[in-house]
file model_1.tsv (TSV, C-alpha atoms and all ligand atoms)
chain	number	residue	atom	x	y	z
C	1341	MET	CA	43.55	32.74	-31.61
C	1342	LEU	CA	41.83	29.47	-30.71
C	1343	ARG	CA	44.42	27.42	-32.53
C	1344	VAL	CA	47.20	28.46	-30.15
C	1345	LEU	CA	45.25	28.07	-26.91
C	1346	GLY	CA	46.82	25.37	-24.78
C	1347	MET	CA	50.11	25.65	-26.64
C	1348	LYS	CA	52.88	23.85	-24.75
C	1349	TYR	CA	56.56	24.50	-25.30
C	1350	PRO	CA	59.25	21.85	-24.80
C	1351	VAL	CA	61.62	23.62	-22.40
C	1352	HIS	CA	65.01	21.95	-22.36
C	1353	GLU	CA	66.35	24.30	-19.71
C	1354	ARG	CA	65.74	27.76	-18.30
C	1355	PHE	CA	68.04	29.85	-16.21
C	1356	TYR	CA	68.79	33.38	-15.10
C	1357	THR	CA	72.20	34.72	-16.10
C	1358	TRP	CA	73.45	37.46	-18.40
C	1359	GLN	CA	73.66	37.73	-22.14
C	1360	GLY	CA	77.17	36.64	-23.04
C	1361	GLU	CA	77.40	37.78	-26.65
C	1362	GLY	CA	76.25	40.27	-29.22
C	1363	VAL	CA	74.83	43.77	-28.97
C	1364	HIS	CA	73.29	43.10	-25.54
C	1365	LEU	CA	76.43	41.61	-24.03
C	1366	GLY	CA	76.47	41.81	-20.24
C	1367	ARG	CA	72.77	42.51	-19.71
C	1368	ALA	CA	70.85	40.45	-17.17
C	1369	ALA	CA	68.81	37.88	-19.05
C	1370	TYR	CA	66.50	34.95	-18.36
C	1371	PHE	CA	67.08	32.22	-20.94
C	1372	VAL	CA	64.34	29.87	-22.10
C	1373	ARG	CA	65.96	27.12	-24.17
C	1374	LEU	CA	63.48	25.12	-26.23
C	1375	TYR	CA	64.10	21.54	-27.29
C	1376	GLY	CA	64.59	20.46	-30.90
C	1377	CYS	CA	66.67	21.55	-33.89
C	1378	PRO	CA	66.99	20.08	-37.41
C	1379	GLN	CA	70.26	21.85	-38.30
C	1380	ALA	CA	72.67	19.29	-36.78
C	1381	CYS	CA	75.70	21.58	-36.72
C	1382	PRO	CA	78.74	19.34	-36.05
C	1383	TRP	CA	80.06	21.79	-33.43
C	1384	CYS	CA	76.69	22.58	-31.80
C	1385	ASP	CA	77.09	24.12	-28.35
C	1386	SER	CA	73.58	23.07	-27.32
C	1387	ALA	CA	73.79	19.41	-28.27
C	1388	GLY	CA	71.37	18.48	-25.48
C	1389	THR	CA	68.57	20.03	-27.54
C	1390	TRP	CA	68.76	17.54	-30.40
C	1391	HIS	CA	71.74	15.15	-30.49
C	1392	PRO	CA	70.81	11.53	-29.65
C	1393	ALA	CA	73.93	11.09	-27.52
C	1394	TYR	CA	72.97	14.02	-25.28
C	1395	ARG	CA	69.20	13.61	-25.20
C	1396	PRO	CA	67.90	14.57	-21.73
C	1397	ALA	CA	65.95	12.09	-19.63
C	1398	SER	CA	62.91	14.35	-19.89
C	1399	VAL	CA	61.86	17.71	-21.27
C	1400	SER	CA	59.35	19.91	-19.46
C	1401	LEU	CA	56.24	20.79	-21.46
C	1402	LEU	CA	55.23	24.23	-20.19
C	1403	ASP	CA	52.62	26.65	-21.41
C	1404	ALA	CA	53.10	30.38	-21.75
C	1405	SER	CA	51.70	31.09	-18.28
C	1406	GLU	CA	53.99	28.58	-16.59
C	1407	ILE	CA	57.07	29.97	-18.33
C	1408	THR	CA	56.04	33.54	-17.55
C	1409	ARG	CA	55.47	32.64	-13.90
C	1410	ALA	CA	58.98	31.16	-13.73
C	1411	VAL	CA	60.44	34.27	-15.35
C	1412	ALA	CA	58.63	36.49	-12.80
C	1413	GLU	CA	59.70	34.37	-9.82
C	1414	GLU	CA	63.28	33.73	-10.88
C	1415	SER	CA	64.41	37.07	-12.33
C	1416	PRO	CA	63.79	40.70	-11.42
C	1417	ASP	CA	61.93	43.34	-13.40
C	1418	GLY	CA	64.15	44.70	-16.12
C	1419	ALA	CA	65.87	41.43	-17.00
C	1420	LEU	CA	65.58	40.50	-20.66
C	1421	VAL	CA	64.01	37.23	-21.69
C	1422	VAL	CA	65.97	35.38	-24.38
C	1423	VAL	CA	64.14	32.57	-26.18
C	1424	THR	CA	66.72	30.28	-27.68
C	1425	GLY	CA	67.29	26.63	-28.54
C	1426	GLY	CA	67.55	24.37	-30.24
C	1427	GLU	CA	65.56	26.22	-32.84
C	1428	PRO	CA	62.83	28.32	-31.22
C	1429	ILE	CA	61.51	29.64	-34.53
C	1430	LEU	CA	59.87	26.25	-35.09
C	1431	PHE	CA	57.29	27.13	-32.43
C	1432	ASP	CA	54.39	29.55	-32.42
C	1433	LEU	CA	55.71	32.03	-29.88
C	1434	ARG	CA	52.70	34.37	-29.90
C	1435	PRO	CA	51.13	33.12	-26.65
C	1436	LEU	CA	54.51	33.31	-24.91
C	1437	THR	CA	55.47	36.76	-26.18
C	1438	ASP	CA	51.99	38.09	-25.34
C	1439	GLU	CA	52.27	36.89	-21.73
C	1440	LEU	CA	55.84	38.08	-21.28
C	1441	HIS	CA	54.94	41.50	-22.63
C	1442	ARG	CA	52.06	41.68	-20.14
C	1443	LEU	CA	54.73	41.07	-17.48
C	1444	GLY	CA	56.62	44.03	-18.91
C	1445	ARG	CA	59.62	42.12	-20.24
C	1446	ARG	CA	61.55	42.68	-23.43
C	1447	ILE	CA	61.85	39.48	-25.44
C	1448	HIS	CA	64.74	38.45	-27.67
C	1449	ILE	CA	65.03	35.40	-29.91
C	1450	GLU	CA	68.14	33.57	-31.10
C	1451	THR	CA	67.42	31.64	-34.28
C	1452	SER	CA	68.85	30.30	-37.52
C	1453	GLY	CA	65.81	31.76	-39.27
C	1454	ILE	CA	64.53	28.65	-41.06
C	1455	ALA	CA	60.80	29.24	-40.58
C	1456	PRO	CA	58.44	32.22	-40.40
C	1457	LEU	CA	58.68	34.15	-37.17
C	1458	ARG	CA	55.51	33.87	-35.08
C	1459	GLY	CA	55.48	36.17	-32.07
C	1460	ASP	CA	56.06	39.78	-31.08
C	1461	LEU	CA	59.81	39.84	-30.60
C	1462	ASP	CA	61.67	42.96	-29.49
C	1463	TRP	CA	65.01	41.75	-30.83
C	1464	VAL	CA	65.92	39.15	-33.42
C	1465	ALA	CA	69.43	37.68	-33.34
C	1466	LEU	CA	69.95	35.61	-36.48
C	1467	SER	CA	72.68	32.99	-36.67
C	1468	PRO	CA	72.61	31.58	-40.20
C	1469	LYS	CA	73.75	27.99	-40.72
C	1470	PRO	CA	74.59	27.85	-44.45
C	1471	ALA	CA	75.72	24.22	-44.29
C	1472	GLY	CA	72.17	23.32	-43.25
C	1473	GLN	CA	68.91	25.10	-44.00
C	1474	ARG	CA	69.45	28.74	-44.95
C	1475	PRO	CA	67.46	31.53	-43.30
C	1476	LEU	CA	64.24	32.72	-44.91
C	1477	PRO	CA	64.53	36.16	-46.56
C	1478	GLU	CA	61.74	37.49	-44.31
C	1479	VAL	CA	63.75	36.59	-41.19
C	1480	VAL	CA	66.95	38.10	-42.64
C	1481	ALA	CA	65.02	41.31	-43.28
C	1482	ARG	CA	63.71	41.31	-39.66
C	1483	ALA	CA	67.09	40.62	-38.01
C	1484	ASP	CA	68.49	43.23	-35.62
C	1485	GLU	CA	71.84	41.49	-35.40
C	1486	VAL	CA	73.57	38.55	-37.05
C	1487	LYS	CA	76.06	36.13	-35.53
C	1488	ILE	CA	78.10	34.12	-38.01
C	1489	ILE	CA	79.77	31.19	-36.27
C	1490	VAL	CA	83.26	30.64	-37.67
C	1491	HIS	CA	84.48	27.06	-37.34
C	1492	GLU	CA	86.58	27.31	-40.50
C	1493	PRO	CA	87.73	30.52	-42.23
C	1494	GLY	CA	85.42	29.76	-45.16
C	1495	ASP	CA	82.40	30.05	-42.84
C	1496	ILE	CA	82.71	33.85	-43.00
C	1497	ALA	CA	81.95	34.11	-46.72
C	1498	ALA	CA	79.35	31.35	-46.50
C	1499	GLY	CA	77.53	33.13	-43.69
C	1500	LEU	CA	77.65	36.53	-45.37
C	1501	GLY	CA	76.24	34.86	-48.49
C	1502	THR	CA	72.95	34.19	-46.68
C	1503	LEU	CA	72.25	37.82	-45.78
C	1504	ALA	CA	70.71	39.38	-48.90
C	1505	GLY	CA	68.13	41.91	-47.75
C	1506	LEU	CA	69.67	42.51	-44.32
C	1507	ARG	CA	68.93	45.98	-42.94
C	1508	GLU	CA	71.78	48.48	-43.05
C	1509	ASP	CA	71.52	49.10	-39.32
C	1510	ALA	CA	71.75	45.41	-38.37
C	1511	THR	CA	75.00	44.50	-36.62
C	1512	VAL	CA	76.98	41.60	-38.07
C	1513	TRP	CA	79.21	39.64	-35.71
C	1514	LEU	CA	81.84	37.06	-36.52
C	1515	HIS	CA	82.08	34.65	-33.60
C	1516	PRO	CA	84.80	32.04	-33.38
C	1517	GLU	CA	83.08	28.69	-32.75
C	1518	TRP	CA	83.70	28.01	-29.08
C	1519	SER	CA	86.16	25.13	-29.37
C	1520	ARG	CA	88.18	27.22	-31.86
C	1521	ALA	CA	88.11	30.22	-29.52
C	1522	ARG	CA	89.00	28.14	-26.48
C	1523	ASP	CA	91.92	26.53	-28.29
C	1524	GLY	CA	93.11	29.84	-29.71
C	1525	ASP	CA	92.86	28.53	-33.28
C	1526	ARG	CA	94.98	31.03	-35.21
C	1527	ALA	CA	93.47	30.27	-38.63
C	1528	VAL	CA	89.97	31.10	-37.38
C	1529	LEU	CA	90.93	34.07	-35.18
C	1530	ASP	CA	93.18	35.60	-37.83
C	1531	ALA	CA	90.51	35.15	-40.51
C	1532	ILE	CA	88.01	37.05	-38.33
C	1533	THR	CA	90.53	39.83	-37.71
C	1534	ALA	CA	91.29	40.13	-41.43
C	1535	ALA	CA	87.59	40.18	-42.34
C	1536	VAL	CA	86.79	42.93	-39.83
C	1537	LYS	CA	89.73	45.05	-40.97
C	1538	ALA	CA	88.64	44.64	-44.60
C	1539	ASN	CA	84.97	45.40	-43.90
C	1540	PRO	CA	84.36	47.74	-40.94
C	1541	ARG	CA	80.69	46.83	-40.91
C	1542	LEU	CA	81.68	43.49	-39.38
C	1543	ARG	CA	82.51	43.04	-35.70
C	1544	ALA	CA	84.68	40.45	-33.99
C	1545	GLY	CA	82.76	38.63	-31.24
C	1546	TYR	CA	83.26	36.20	-28.40
C	1547	GLN	CA	81.08	34.13	-26.08
C	1548	MET	CA	81.96	35.88	-22.85
C	1549	HIS	CA	79.60	33.87	-20.62
C	1550	LYS	CA	81.64	30.76	-21.30
C	1551	LEU	CA	84.74	32.38	-19.83
C	1552	TYR	CA	82.73	33.34	-16.74
C	1553	ARG	CA	80.78	30.03	-16.73
C	1554	ALA	CA	77.96	32.35	-15.75
C	1555	ASP	CA	75.11	30.09	-16.88
C	1556	ASP	CA	76.23	27.27	-14.59
C	1557	LEU	CA	75.54	29.39	-11.51
C	1558	ASP	CA	71.79	29.03	-11.91
C	1559	ALA	CA	70.45	25.80	-10.43
C	1560	HIS	CA	68.05	25.39	-13.35
C	1561	SER	CA	70.72	25.28	-16.05
C	1562	ASP	CA	71.44	21.88	-17.53
C	1563	LYS	CA	74.94	20.98	-16.37
C	1564	ARG	CA	74.84	17.97	-18.70
C	1565	LEU	CA	74.71	20.23	-21.75
C	1566	VAL	CA	77.84	19.20	-23.62
C	1567	PRO	CA	78.82	21.15	-26.72
C	1568	LEU	CA	79.99	18.85	-29.48
C	1569	GLY	CA	82.97	21.14	-29.97
C	1570	GLY	CA	83.53	21.50	-26.26
C	1571	ASN	CA	85.76	19.89	-23.71
C	1572	VAL	CA	84.14	17.44	-21.31
C	1573	ALA	CA	87.11	17.62	-18.94
C	1574	LEU	CA	86.48	21.33	-18.51
C	1575	GLY	CA	82.78	20.84	-18.08
C	1576	TYR	CA	81.56	22.40	-21.33
V	1601	LIG	S1	74.24	25.24	-33.20
V	1601	LIG	FE1	72.13	26.00	-33.10
V	1601	LIG	S2	71.35	25.69	-35.19
V	1601	LIG	FE2	73.17	24.38	-34.98
V	1601	LIG	S3	72.39	22.35	-34.29
V	1601	LIG	FE3	72.95	23.54	-32.47
V	1601	LIG	S4	71.04	24.49	-31.80
V	1601	LIG	FE4	70.77	23.87	-33.96

call {"tool": "encode", "arguments": {"input": "model_1.tsv", "output": "structure tokens"}}
result
Amino acid sequence: MLRVLGMKYPVHERFYTWQGEGVHLGRAAYFVRLYGCPQACPWCDSAGTWHPAYRPASVSLLDASEITRAVAEESPDGALVVVTGGEPILFDLRPLTDELHRLGRRIHIETSGIAPLRGDLDWVALSPKPAGQRPLPEVVARADEVKIIVHEPGDIAAGLGTLAGLREDATVWLHPEWSRARDGDRAVLDAITAAVKANPRLRAGYQMHKLYRADDLDAHSDKRLVPLGGNVALGY
């Protein structure tokens, strides 16, 4: 374990809110958003984690103990911890998941699955990005749920095409990319509806926290975070 002692994580932002999408929708959750992602999705909703135009002035380098202390001080027992990004799978999460488990928290990860998973995660939410690097088979096999982001109708088939080896009990969501959802893009919304009706294993999703603007209520959230597909005038 010596090689991970002193491990520091680049924390872009952290905040206490609720999970706004997927199987755990509506549950209180502390988000730890790590900096850095090589996928460069043109509609990224976390552009502050990688895009040069939205690069933050500084990123906090915190070790597992410092993050765990923040989680303990800023959220009550029972709140989930969601490690997201950026691309959190690029980091060795074992020191962090060990400390958070000692605190008694359940730990979820949101990832595009492009590297081996290092850490004891209680829930793996996979969001494949087929236009970039595809998820590793071992991460697909470990996924508890999948979120396919639908910016164009063709993204549904492309996303499903990355899921060979997915467990039968894993939930598969089709999420309209936020700018498409916000604008009520009929082509995207109708394609999701048609896909779900044709294949009842699929579920139609939505990013509910963006309607509530729930994340903004925590002082630690990065209000400068501007989704590339978002609307600056509306603040997201
Ligand atoms: S949407 Fe996710 S995977 Fe794509 S660039 Fe943004 S953080 Fe990376």

call {"tool": "closest_residue", "arguments": {"input": "model_1.tsv", "among": "C:Ala1481, C:Ala1393, C:Val1411, C:Ala1531", "to": "Ala1497 of chain C", "atoms": "all atoms listed in the file"}}
result
C:Ala1531

call {"tool": "closest_atom_pairs", "arguments": {"input": "model_1.tsv", "of": "chain C", "to": "ligand LIG 1601 (chain V)", "cutoff": "7 Å", "atoms": "only C-alpha atoms and all ligand atoms", "output": "tab-separated table"}}
result
residue	atom	partner	partner_atom	distance
C:Cys1377	CA	V:LIG1601	FE4	4.7
C:Pro1378	CA	V:LIG1601	FE4	6.4
C:Gln1379	CA	V:LIG1601	S3	4.6
C:Ala1380	CA	V:LIG1601	S3	4.0
C:Cys1381	CA	V:LIG1601	FE2	4.2
C:Trp1383	CA	V:LIG1601	S1	6.8
C:Cys1384	CA	V:LIG1601	S1	3.9
C:Asp1385	CA	V:LIG1601	S1	5.7
C:Ser1386	CA	V:LIG1601	FE3	5.2
C:Ala1387	CA	V:LIG1601	FE3	5.9
C:Thr1389	CA	V:LIG1601	S4	6.6
C:Gly1425	CA	V:LIG1601	S4	5.4
C:Gly1426	CA	V:LIG1601	S4	3.8
C:Glu1427	CA	V:LIG1601	FE4	5.8
C:Ser1452	CA	V:LIG1601	S2	5.7
C:Lys1469	CA	V:LIG1601	S2	6.5

call {"tool": "write_last_selection", "arguments": {"input": "model_1.tsv", "atoms": "C-alpha atoms", "output": "CSV table (one decimal), in the frame of the given file"}}
result
chain,number,residue,atom,x,y,z
C,1377,CYS,CA,66.7,21.6,-33.9
C,1378,PRO,CA,67.0,20.1,-37.4
C,1379,GLN,CA,70.3,21.8,-38.3
C,1380,ALA,CA,72.7,19.3,-36.8
C,1381,CYS,CA,75.7,21.6,-36.7
C,1383,TRP,CA,80.1,21.8,-33.4
C,1384,CYS,CA,76.7,22.6,-31.8
C,1385,ASP,CA,77.1,24.1,-28.4
C,1386,SER,CA,73.6,23.1,-27.3
C,1387,ALA,CA,73.8,19.4,-28.3
C,1389,THR,CA,68.6,20.0,-27.5
C,1425,GLY,CA,67.3,26.6,-28.5
C,1426,GLY,CA,67.6,24.4,-30.2
C,1427,GLU,CA,65.6,26.2,-32.8
C,1452,SER,CA,68.8,30.3,-37.5
C,1469,LYS,CA,73.8,28.0,-40.7

call {"tool": "atom_distance", "arguments": {"input": "model_1.tsv", "atom1": "atom CA of Gly1453 of chain C", "atom2": "atom CA of Thr1424 of chain C"}}
result
11.7 Å

call {"tool": "closest_residue", "arguments": {"input": "model_1.tsv", "among": "C:Arg1526, C:Arg1373, C:Arg1541, C:Arg1354", "to": "Asp1558 of chain C", "atoms": "all atoms listed in the file"}}
result
C:Arg1354

call {"tool": "closest_atom_pairs", "arguments": {"input": "model_1.tsv", "of": "segment 1350-1436 of chain C", "to": "segment 1506-1516 of chain C", "cutoff": "10 Å", "atoms": "all atoms listed in the file", "output": "Markdown table"}}
result
| residue | atom | partner | partner_atom | distance |
| --- | --- | --- | --- | --- |
| C:Glu1361 | CA | C:His1515 | CA | 8.9 |
| C:Gly1362 | CA | C:Trp1513 | CA | 7.2 |
| C:Val1363 | CA | C:Thr1511 | CA | 7.7 |

call {"tool": "closest_residue", "arguments": {"input": "model_1.tsv", "among": "C:Trp1518, C:Ala1483, C:Gly1346, C:Tyr1375", "to": "Tyr1394 of chain C", "atoms": "all atoms listed in the file"}}
result
C:Tyr1375

call {"tool": "closest_residue", "arguments": {"input": "model_1.tsv", "among": "C:Asp1525, C:Asp1460, C:Glu1353, C:Glu1517", "to": "Ile1488 of chain C", "atoms": "all atoms listed in the file"}}
result
C:Glu1517

call {"tool": "residues_around", "arguments": {"input": "model_1.tsv", "residues": "segment 1435-1437 of chain C", "least_positions_apart": "2", "cutoff": "8 Å", "atoms": "all atoms listed in the file", "output": "ChimeraX atom specification"}}
result
/C:1344-1345,1347,1403-1405,1407-1408,1432-1433,1439-1441,1447,1459-1461

call {"tool": "axis_aligned_box", "arguments": {"input": "model_1.tsv", "around": "segment 1391-1395 of chain C", "padding_each_side": "8 Å", "output": "JSON"}}
result
{"center_x": 71.6, "center_y": 13.1, "center_z": -27.8, "size_x": 20.7, "size_y": 20.1, "size_z": 21.3}

call {"tool": "residues_around", "arguments": {"input": "model_1.tsv", "residues": "Ala1465 of chain C", "least_positions_apart": "2", "cutoff": "9 Å", "atoms": "only C-alpha atoms", "output": "ChimeraX atom specification"}}
result
/C:1362,1448-1452,1463,1467,1483-1487

call {"tool": "atom_distance", "arguments": {"input": "model_1.tsv", "atom1": "atom CA of Asp1495 of chain C", "atom2": "atom CA of Gly1472 of chain C"}}
result
12.3 Å

call {"tool": "residues_around", "arguments": {"input": "model_1.tsv", "residues": "Ser1561 of chain C", "least_positions_apart": "5", "cutoff": "12 Å", "atoms": "all atoms listed in the file", "output": "count of residues only"}}
result
17

call {"tool": "atom_distance", "arguments": {"input": "model_1.tsv", "atom1": "atom CA of Pro1396 of chain C", "atom2": "atom CA of Pro1350 of chain C"}}
result
11.7 Å

call {"tool": "closest_residue", "arguments": {"input": "model_1.tsv", "among": "C:Ser1398, C:Asn1539, C:Gln1547, C:Thr1502", "to": "Val1479 of chain C", "atoms": "only C-alpha atoms"}}
result
C:Thr1502

call {"tool": "closest_residue", "arguments": {"input": "model_1.tsv", "among": "C:Arg1520, C:Arg1445, C:His1549, C:Arg1458", "to": "Ser1415 of chain C", "atoms": "all atoms listed in the file"}}
result
C:Arg1445
